[in-house]
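Dumped model.csv below, it's CSV, C-alpha atoms and all ligand atoms:
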chain,number,residue,atom,x,y,z
A,1,MET,CA,2.7,-5.6,6.8
A,2,TYR,CA,1.6,-5.9,3.2
A,3,ALA,CA,3.7,-6.2,0.0
A,4,ALA,CA,3.1,-4.6,-3.4
A,5,GLY,CA,1.1,-7.0,-5.6
A,6,GLU,CA,-1.0,-8.2,-2.7
A,7,LYS,CA,-4.7,-7.5,-2.7
A,8,PRO,CA,-5.2,-6.5,1.0
A,9,GLY,CA,-8.7,-5.1,0.5
A,10,GLU,CA,-10.3,-1.7,0.7
A,11,GLY,CA,-8.5,0.7,3.0
A,12,SER,CA,-5.6,3.0,3.3
A,13,TYR,CA,-2.0,1.8,3.5
A,14,VAL,CA,1.2,3.7,4.4
A,15,CYS,CA,4.6,3.1,2.7
A,16,THR,CA,7.1,1.8,5.3
A,17,MET,CA,9.9,3.9,3.8
A,18,CYS,CA,8.5,7.3,3.0
A,19,HIS,CA,5.0,7.1,4.7
A,20,LEU,CA,3.1,8.0,1.5
A,21,GLU,CA,-0.5,7.0,1.9
A,22,ILE,CA,-2.0,4.7,-0.7
A,23,ILE,CA,-5.8,4.3,-0.9
A,24,ILE,CA,-7.2,1.0,-2.1
A,25,GLU,CA,-10.8,1.4,-3.1
A,26,ASN,CA,-11.9,-2.1,-3.9
A,27,ASP,CA,-11.0,-5.6,-2.8
A,28,GLY,CA,-9.6,-6.6,-6.3
A,29,GLU,CA,-7.1,-3.8,-6.5
A,30,GLU,CA,-3.4,-4.6,-6.0
A,31,LEU,CA,-1.1,-2.5,-3.9
A,32,PRO,CA,1.3,-0.7,-6.3
A,33,ARG,CA,4.9,-0.1,-5.8
A,34,CYS,CA,5.3,3.2,-3.9
A,35,PRO,CA,5.2,6.0,-6.6
A,36,ASP,CA,7.5,8.1,-4.5
A,37,CYS,CA,10.3,5.8,-3.4
A,38,ARG,CA,9.6,2.5,-5.2
A,39,ALA,CA,9.4,0.6,-1.9
A,40,THR,CA,7.2,-2.5,-1.8
A,41,PHE,CA,6.0,-2.7,1.8
A,42,TYR,CA,3.1,-1.0,3.5
A,43,ASN,CA,1.5,-0.9,6.9
A,44,GLU,CA,-2.3,-0.6,7.2
A,45,THR,CA,-3.5,2.6,8.8
A,46,VAL,CA,-6.1,2.6,11.5
B,101,ZN,ZN,7.4,5.2,-0.3
Would it be possible to restate this file's structure as structure tokens?
Amino acid sequence: MYAAGEKPGEGSYVCTMCHLEIIIENDGEELPRCPDCRATFYNETV
């Protein structure tokens, strides 16, 4: 699991609360808070 503010690297991540997908396009980009539900935890998608 990843938290908002971490830089988990390029990939797609899914909000643990509402399952919104967030795309991270470069390794220096931080995970934002979920724009839909303001949750701060994500799971990496495979
Ligand atoms: Zn969410």
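What separates atom CA of A:Ala3 from atom CA of A:Leu31 is a distance of 7.2 Å.
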Show me a table, sorted first by chain and then by increasing residue number, of the residues of chain A having an atom at most 10 Å from ligand ZN 101 (chain B), each with its shortest atom pair and the distance in Å to one decimal, counting only C-alpha atoms and all ligand atoms and written as a tab-separated table.
residue	atom	partner	partner_atom	distance
A:Val14	CA	B:ZN101	ZN	7.9
A:Cys15	CA	B:ZN101	ZN	4.6
A:Thr16	CA	B:ZN101	ZN	6.6
A:Met17	CA	B:ZN101	ZN	5.0
A:Cys18	CA	B:ZN101	ZN	4.1
A:His19	CA	B:ZN101	ZN	5.9
A:Leu20	CA	B:ZN101	ZN	5.4
A:Glu21	CA	B:ZN101	ZN	8.4
A:Ile22	CA	B:ZN101	ZN	9.4
A:Arg33	CA	B:ZN101	ZN	8.0
A:Cys34	CA	B:ZN101	ZN	4.6
A:Pro35	CA	B:ZN101	ZN	6.7
A:Asp36	CA	B:ZN101	ZN	5.1
A:Cys37	CA	B:ZN101	ZN	4.3
A:Arg38	CA	B:ZN101	ZN	6.0
A:Ala39	CA	B:ZN101	ZN	5.3
A:Thr40	CA	B:ZN101	ZN	7.8
A:Phe41	CA	B:ZN101	ZN	8.3
A:Tyr42	CA	B:ZN101	ZN	8.4
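Close contacts of A:Glu25, defined as residues with an atom at most 8 Å away when counting only C-alpha atoms, with chain neighbours fewer than 5 positions off set aside, comprise Gly9, Glu10 and Gly11 of chain A.
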Would you save the residues of that selection, restricted to C-alpha atoms, as a compact mmCIF listing (two decimals), in the coordinates of the input?
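What landed in part21.txt:
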# COMPACT_ATOMS: atom_id res chain seq x y z
CA GLY A 9 -8.70 -5.10 0.50
CA GLU A 10 -10.30 -1.70 0.70
CA GLY A 11 -8.50 0.70 3.00
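Atom pair atom CA of A:Ser12 / atom CA of A:Val46: separated by 8.2 Å.
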Using only C-alpha atoms, which residues sit within 10 Å of A:Glu29 once same-chain residues fewer than 6 positions away are excluded, as a list in words? Gly5, Glu6, Lys7, Pro8, Gly9, Glu10 and Ile23 of chain A
